[in-house]
Amino acid sequence: MSSATGPDATSGPRGPQLPDFPWDSLARQKAAAKAHPDGIVDLSVGTPVDPVPENLQRALAEVADEPGYPATHGTPELREAAIASLQRRYGISGLEPDAVVPTIGSKELVAWLPTLVGVRPGDLVAIPELAYPTYEVGAKIAGAEVVRLAPGELPPAGTALLWLNSPSNPTGRVLDAQQLGESVRAAQELGAVVASDECYLALGWDTEPVSVLHPSVGADRRGVLAVHSLSKSSNLAGYRAGFITGDPDLVRRLLELRKHAGMIVPRPVQEAITAALSDDSHVSAQRELYAARRAVLRPALEAAGFRIEHSQAGLYLWATRGEGAWETVDWLAQRGILAAPGTFYGPAGDHHVRIALTATDERIAAAAKRLAD
């Protein structure tokens with residue numbers, strides 16, 4: 001019999017080796033920012049702070065008495081609302097309701113998509129040079145290798161999955177239809193799946209973002225998926241509400257796997273998603289709130305010596321003072337402002353910080369005032 005402290009103590013199944021959760025490393029700076037006499041202005045995480053629209057709250061409550069299991073595929077009404085909203089808001093045509101599956105937010109989908117589409121050890125998952133950390137985490141869960149692509153760089157041989165992200169998190173860079181089309185065609189030649197993270201598509205500022213499924217990108221949607229989230233556009237981060245659509249054959253395969261795995265959006269949340277996709281007015285109202293906050297924060301940062309790069313769209317300002325990212329994080333924390341170092345998103349972010357627009361008007365105004373002092 002082996003001892004509990006013997007050689008078998010650490011035996012048994014082990015999960016993939018994942019990086020530490022990035023935001024845990026901000027504890028010291030967060031404590032410093034909290035010590036400010038007027039409190040912290042936390043711009044480090046893009047979490048919504050505005051109320052959930054009342055019509056979405058009502059939609060959720062109206063189906064609270066649903067004791068049975070919900071459909072993994074979502075209700076027909078949800079899928080039809082998704083298709084109609086994509087046509088109405090973004091000019092996407094030619095999709096069928098069956099090619100929509102609701103997801104438990106978008107992060108769950110991002111983390112598990114490589115595994116679900118059959119990425120295996122030895123395969124490559126290509127991600128942007130600066131990217132949402134969960135793209136890399138999802139690849140590691142599947143045992144794959146990650147390759148980071150500079151802007152304009154096409155996926156190399158061996159790529160099984162290509163992540164696109166426009167507008168970008170963290171940089172706010174926008175890919176035009178030609179750039180998207182070139183990436184899609186290059187991936188298709190390799191037999192790779194293309195997944196386009198379009199969570200910030202409704203937040204174009206200096207340019208109008210386009211979906212990978214827009215007709216201007218190309219008619220061939222083989223192996224192409226678009227990932228959508230209602231966290232930012234509808235303040236539903238707490239509901240965990242998103243959906244995926246695109247190549248109907250690929251969506252059908254994902255649906256079957258998700259049925260087996262129990263990846264099901266709760267029925268009340270499905271109703272809130274349907275309501276959110278059927279109403280454009282609250283999306284426009286939220287966009288105006290973020291636009292106003294951006295109009296306050298961006299010039300305040302520039303006046304304080306920051307240079308804002310890209311940031312044509314999305315929920316963040318990609319900023320630099322020409323110094324190391326962590327030096328800038330410390331500088332801001334001394335003023336009670338918490339930002340995310342660019343290194344969270346890849347080595348190329350080592351001289352930048354990501355500053356979110358997700359704070360109340362009062363907190364954004366406080367940050368602007370502190371930057372001017």
# chains A, B, ... in the order shown; residues from 1 in each chain; ligands from 1
$ residues_around --residues "Ala367 of chain A" --least-positions-apart "4" --cutoff "12 Å" --atoms "only C-alpha atoms" --output "ChimeraX atom specification"
/A:33,36,38-43,293-294,296-301,304,332-339,355-357,359-363,371-373
$ closest_atom_pairs --of "segment 149-253 of chain A" --to "segment 103-106 of chain A" --cutoff "6 Å" --atoms "only C-alpha atoms" --output "JSON lines"
{"residue": "A:Ser229", "atom": "CA", "partner": "A:Ser106", "partner_atom": "CA", "distance": 5.6}
{"residue": "A:Arg240", "atom": "CA", "partner": "A:Gly105", "partner_atom": "CA", "distance": 4.0}
{"residue": "A:Ala241", "atom": "CA", "partner": "A:Gly105", "partner_atom": "CA", "distance": 4.3}
{"residue": "A:Gly242", "atom": "CA", "partner": "A:Gly105", "partner_atom": "CA", "distance": 4.5}
{"residue": "A:Phe243", "atom": "CA", "partner": "A:Thr103", "partner_atom": "CA", "distance": 4.8}
$ write_last_selection --atoms "C-alpha atoms" --output "mmCIF file, in the first residue's frame"
data_model
loop_
_atom_site.group_PDB
_atom_site.id
_atom_site.type_symbol
_atom_site.label_atom_id
_atom_site.label_comp_id
_atom_site.auth_asym_id
_atom_site.auth_seq_id
_atom_site.Cartn_x
_atom_site.Cartn_y
_atom_site.Cartn_z
ATOM 1 C CA SER A 229 -22.021 38.036 -27.365
ATOM 2 C CA ARG A 240 -24.107 34.577 -19.922
ATOM 3 C CA ALA A 241 -25.747 35.144 -23.286
ATOM 4 C CA GLY A 242 -24.245 34.613 -26.727
ATOM 5 C CA PHE A 243 -24.604 32.626 -29.918
#
$ residues_around --residues "Glu327 of chain A" --least-positions-apart "2" --cutoff "12 Å" --atoms "only C-alpha atoms" --output "PyMOL selection string"
chain A and resi 29+320-325+329-334+339-343+350-353
$ atom_distance --atom1 "atom CA of Val227 of chain A" --atom2 "atom CA of Ser196 of chain A"
6.0 Å
$ residues_around --residues "Val110 of chain A" --least-positions-apart "4" --cutoff "7 Å" --atoms "only C-alpha atoms" --output "list in words"
Ser106, Thr134, Tyr135 and Gly138 of chain A
$ closest_residue --among "A:Gly91, A:Glu77, A:Val100, A:Ala157" --to "Arg253 of chain A" --atoms "only C-alpha atoms"
A:Val100
$ closest_residue --among "A:Glu302, A:Asp123, A:Asp280, A:Asp98" --to "Leu254 of chain A" --atoms "only C-alpha atoms"
A:Asp98
$ atom_distance --atom1 "atom CA of Pro156 of chain A" --atom2 "atom CA of Val119 of chain A"
15.2 Å
$ residues_around --residues "Ser166 of chain A" --least-positions-apart "6" --cutoff "7 Å" --atoms "only C-alpha atoms" --output "PDB file with all heavy atoms, in the first residue's frame"
ATOM      1  N   ARG A 173      -8.418  47.492 -33.146  1.00  0.00           N
ATOM      2  CA  ARG A 173      -8.132  47.470 -34.586  1.00  0.00           C
ATOM      3  C   ARG A 173      -9.298  46.813 -35.335  1.00  0.00           C
ATOM      4  O   ARG A 173      -9.884  45.832 -34.852  1.00  0.00           O
ATOM      5  CB  ARG A 173      -6.842  46.689 -34.854  1.00  0.00           C
ATOM      6  CG  ARG A 173      -6.419  46.660 -36.316  1.00  0.00           C
ATOM      7  CD  ARG A 173      -5.295  45.653 -36.518  1.00  0.00           C
ATOM      8  NE  ARG A 173      -4.060  46.048 -35.879  1.00  0.00           N
ATOM      9  CZ  ARG A 173      -3.100  46.758 -36.463  1.00  0.00           C
ATOM     10  NH1 ARG A 173      -3.253  47.164 -37.722  1.00  0.00           N
ATOM     11  NH2 ARG A 173      -1.983  47.052 -35.817  1.00  0.00           N
ATOM     12  N   VAL A 174      -9.605  47.331 -36.516  1.00  0.00           N
ATOM     13  CA  VAL A 174     -10.695  46.812 -37.330  1.00  0.00           C
ATOM     14  C   VAL A 174     -10.126  46.265 -38.634  1.00  0.00           C
ATOM     15  O   VAL A 174      -9.315  46.923 -39.303  1.00  0.00           O
ATOM     16  CB  VAL A 174     -11.738  47.909 -37.624  1.00  0.00           C
ATOM     17  CG1 VAL A 174     -12.786  47.414 -38.621  1.00  0.00           C
ATOM     18  CG2 VAL A 174     -12.412  48.351 -36.328  1.00  0.00           C
ATOM     19  N   LEU A 175     -10.540  45.055 -38.997  1.00  0.00           N
ATOM     20  CA  LEU A 175     -10.166  44.456 -40.272  1.00  0.00           C
ATOM     21  C   LEU A 175     -11.242  44.762 -41.294  1.00  0.00           C
ATOM     22  O   LEU A 175     -12.429  44.573 -41.019  1.00  0.00           O
ATOM     23  CB  LEU A 175     -10.004  42.944 -40.127  1.00  0.00           C
ATOM     24  CG  LEU A 175      -8.980  42.459 -39.092  1.00  0.00           C
ATOM     25  CD1 LEU A 175      -9.005  40.934 -38.999  1.00  0.00           C
ATOM     26  CD2 LEU A 175      -7.580  42.950 -39.447  1.00  0.00           C
ATOM     27  N   ASP A 197     -14.417  36.271 -33.792  1.00  0.00           N
ATOM     28  CA  ASP A 197     -14.983  36.806 -32.556  1.00  0.00           C
ATOM     29  C   ASP A 197     -15.485  38.224 -32.851  1.00  0.00           C
ATOM     30  O   ASP A 197     -14.680  39.143 -33.048  1.00  0.00           O
ATOM     31  CB  ASP A 197     -13.899  36.805 -31.484  1.00  0.00           C
ATOM     32  CG  ASP A 197     -14.380  37.361 -30.150  1.00  0.00           C
ATOM     33  OD1 ASP A 197     -15.475  37.947 -30.098  1.00  0.00           O
ATOM     34  OD2 ASP A 197     -13.639  37.221 -29.159  1.00  0.00           O
ATOM     35  N   GLU A 198     -16.809  38.386 -32.856  1.00  0.00           N
ATOM     36  CA  GLU A 198     -17.421  39.658 -33.259  1.00  0.00           C
ATOM     37  C   GLU A 198     -18.192  40.305 -32.119  1.00  0.00           C
ATOM     38  O   GLU A 198     -19.193  40.994 -32.334  1.00  0.00           O
ATOM     39  CB  GLU A 198     -18.310  39.411 -34.482  1.00  0.00           C
ATOM     40  CG  GLU A 198     -17.514  38.832 -35.641  1.00  0.00           C
ATOM     41  CD  GLU A 198     -18.293  38.593 -36.913  1.00  0.00           C
ATOM     42  OE1 GLU A 198     -19.531  38.704 -36.902  1.00  0.00           O
ATOM     43  OE2 GLU A 198     -17.657  38.270 -37.934  1.00  0.00           O
TER      44      GLU A 198
END
$ select_by_dssp --residues "segment 63-166 of chain A" --states "alpha helix (DSSP H)" --output "ChimeraX atom specification"
/A:76-90,107-116,133-141
$ atom_distance --atom1 "atom CA of Pro266 of chain A" --atom2 "atom CA of His228 of chain A"
17.2 Å
$ closest_atom_pairs --of "segment 183-301 of chain A" --to "segment 315-318 of chain A" --cutoff "8 Å" --atoms "only C-alpha atoms" --output "CSV"
residue,atom,partner,partner_atom,distance
A:Tyr200,CA,A:Leu315,CA,7.2
A:Leu203,CA,A:Leu315,CA,7.1
A:Tyr290,CA,A:Leu315,CA,7.6
A:Arg298,CA,A:Leu317,CA,7.4
$ decode --residues "segment 16-48 of chain A" --atoms "N, CA, C and O atoms" --output "tab-separated table (two decimals), in the first residue's frame"
chain	number	residue	atom	x	y	z
A	16	PRO	N	-4.57	20.12	-18.52
A	16	PRO	CA	-3.55	20.84	-19.28
A	16	PRO	C	-2.88	21.90	-18.41
A	16	PRO	O	-3.47	22.42	-17.47
A	17	GLN	N	-1.64	22.21	-18.72
A	17	GLN	CA	-0.91	23.25	-18.02
A	17	GLN	C	-1.33	24.60	-18.59
A	17	GLN	O	-0.99	24.94	-19.72
A	18	LEU	N	-2.07	25.37	-17.80
A	18	LEU	CA	-2.58	26.65	-18.26
A	18	LEU	C	-1.84	27.79	-17.58
A	18	LEU	O	-1.32	27.63	-16.47
A	19	PRO	N	-1.80	28.95	-18.25
A	19	PRO	CA	-1.17	30.10	-17.59
A	19	PRO	C	-1.99	30.56	-16.40
A	19	PRO	O	-3.18	30.24	-16.28
A	20	ASP	N	-1.36	31.28	-15.48
A	20	ASP	CA	-2.11	31.86	-14.37
A	20	ASP	C	-3.16	32.83	-14.90
A	20	ASP	O	-2.98	33.43	-15.97
A	21	PHE	N	-4.25	32.98	-14.15
A	21	PHE	CA	-5.29	33.91	-14.57
A	21	PHE	C	-4.72	35.33	-14.50
A	21	PHE	O	-4.29	35.78	-13.43
A	22	PRO	N	-4.66	36.05	-15.64
A	22	PRO	CA	-3.90	37.30	-15.68
A	22	PRO	C	-4.29	38.32	-14.62
A	22	PRO	O	-3.41	38.93	-13.99
A	23	TRP	N	-5.59	38.52	-14.40
A	23	TRP	CA	-6.02	39.61	-13.53
A	23	TRP	C	-5.66	39.38	-12.06
A	23	TRP	O	-5.63	40.32	-11.29
A	24	ASP	N	-5.32	38.13	-11.70
A	24	ASP	CA	-4.87	37.87	-10.33
A	24	ASP	C	-3.56	38.60	-10.03
A	24	ASP	O	-3.27	38.93	-8.88
A	25	SER	N	-2.77	38.88	-11.08
A	25	SER	CA	-1.48	39.52	-10.88
A	25	SER	C	-1.59	41.02	-10.65
A	25	SER	O	-0.58	41.70	-10.42
A	26	LEU	N	-2.80	41.57	-10.71
A	26	LEU	CA	-3.01	43.00	-10.50
A	26	LEU	C	-3.33	43.34	-9.05
A	26	LEU	O	-3.70	44.48	-8.75
A	27	ALA	N	-3.19	42.38	-8.14
A	27	ALA	CA	-3.63	42.59	-6.75
A	27	ALA	C	-2.95	43.79	-6.10
A	27	ALA	O	-3.60	44.60	-5.44
A	28	ARG	N	-1.64	43.93	-6.29
A	28	ARG	CA	-0.92	45.03	-5.65
A	28	ARG	C	-1.38	46.38	-6.20
A	28	ARG	O	-1.64	47.33	-5.44
A	29	GLN	N	-1.52	46.47	-7.51
A	29	GLN	CA	-1.95	47.72	-8.13
A	29	GLN	C	-3.40	48.04	-7.77
A	29	GLN	O	-3.76	49.22	-7.59
A	30	LYS	N	-4.21	47.01	-7.66
A	30	LYS	CA	-5.61	47.23	-7.29
A	30	LYS	C	-5.69	47.80	-5.87
A	30	LYS	O	-6.47	48.71	-5.59
A	31	ALA	N	-4.88	47.26	-4.96
A	31	ALA	CA	-4.86	47.76	-3.59
A	31	ALA	C	-4.40	49.21	-3.55
A	31	ALA	O	-4.95	50.05	-2.81
A	32	ALA	N	-3.41	49.56	-4.36
A	32	ALA	CA	-2.92	50.93	-4.41
A	32	ALA	C	-3.99	51.88	-4.94
A	32	ALA	O	-4.20	52.98	-4.41
A	33	ALA	N	-4.71	51.43	-5.98
A	33	ALA	CA	-5.76	52.28	-6.55
A	33	ALA	C	-6.92	52.46	-5.57
A	33	ALA	O	-7.50	53.55	-5.46
A	34	LYS	N	-7.24	51.40	-4.83
A	34	LYS	CA	-8.32	51.50	-3.84
A	34	LYS	C	-7.98	52.47	-2.72
A	34	LYS	O	-8.89	53.00	-2.06
A	35	ALA	N	-6.71	52.69	-2.48
A	35	ALA	CA	-6.30	53.58	-1.40
A	35	ALA	C	-6.47	55.06	-1.75
A	35	ALA	O	-6.30	55.92	-0.89
A	36	HIS	N	-6.82	55.36	-2.99
A	36	HIS	CA	-7.04	56.76	-3.37
A	36	HIS	C	-8.17	57.34	-2.53
A	36	HIS	O	-9.18	56.67	-2.28
A	37	PRO	N	-8.04	58.58	-2.07
A	37	PRO	CA	-9.08	59.18	-1.20
A	37	PRO	C	-10.48	59.15	-1.80
A	37	PRO	O	-11.47	59.05	-1.06
A	38	ASP	N	-10.57	59.22	-3.12
A	38	ASP	CA	-11.88	59.21	-3.78
A	38	ASP	C	-12.22	57.84	-4.35
A	38	ASP	O	-13.15	57.70	-5.14
A	39	GLY	N	-11.48	56.80	-3.95
A	39	GLY	CA	-11.81	55.45	-4.38
A	39	GLY	C	-11.23	55.10	-5.74
A	39	GLY	O	-10.71	55.94	-6.48
A	40	ILE	N	-11.32	53.82	-6.06
A	40	ILE	CA	-10.75	53.28	-7.29
A	40	ILE	C	-11.64	53.60	-8.49
A	40	ILE	O	-12.87	53.65	-8.39
A	41	VAL	N	-11.00	53.82	-9.64
A	41	VAL	CA	-11.67	53.81	-10.94
A	41	VAL	C	-11.13	52.58	-11.65
A	41	VAL	O	-10.00	52.58	-12.14
A	42	ASP	N	-11.92	51.52	-11.69
A	42	ASP	CA	-11.44	50.24	-12.22
A	42	ASP	C	-11.77	50.16	-13.71
A	42	ASP	O	-12.92	49.92	-14.10
A	43	LEU	N	-10.75	50.33	-14.53
A	43	LEU	CA	-10.88	50.25	-15.99
A	43	LEU	C	-10.09	49.07	-16.54
A	43	LEU	O	-9.70	49.05	-17.69
A	44	SER	N	-9.89	48.07	-15.69
A	44	SER	CA	-9.04	46.93	-16.05
A	44	SER	C	-9.80	45.79	-16.70
A	44	SER	O	-9.22	44.98	-17.41
A	45	VAL	N	-11.10	45.70	-16.44
A	45	VAL	CA	-11.91	44.61	-16.96
A	45	VAL	C	-13.12	45.20	-17.68
A	45	VAL	O	-13.75	46.13	-17.16
A	46	GLY	N	-13.46	44.67	-18.82
A	46	GLY	CA	-14.58	45.21	-19.58
A	46	GLY	C	-15.91	44.66	-19.14
A	46	GLY	O	-16.65	44.07	-19.93
A	47	THR	N	-16.25	44.86	-17.87
A	47	THR	CA	-17.53	44.34	-17.38
A	47	THR	C	-18.57	45.45	-17.37
A	47	THR	O	-18.30	46.55	-16.89
A	48	PRO	N	-19.75	45.21	-17.91
A	48	PRO	CA	-20.78	46.25	-17.96
A	48	PRO	C	-21.17	46.74	-16.56
A	48	PRO	O	-21.18	45.96	-15.60
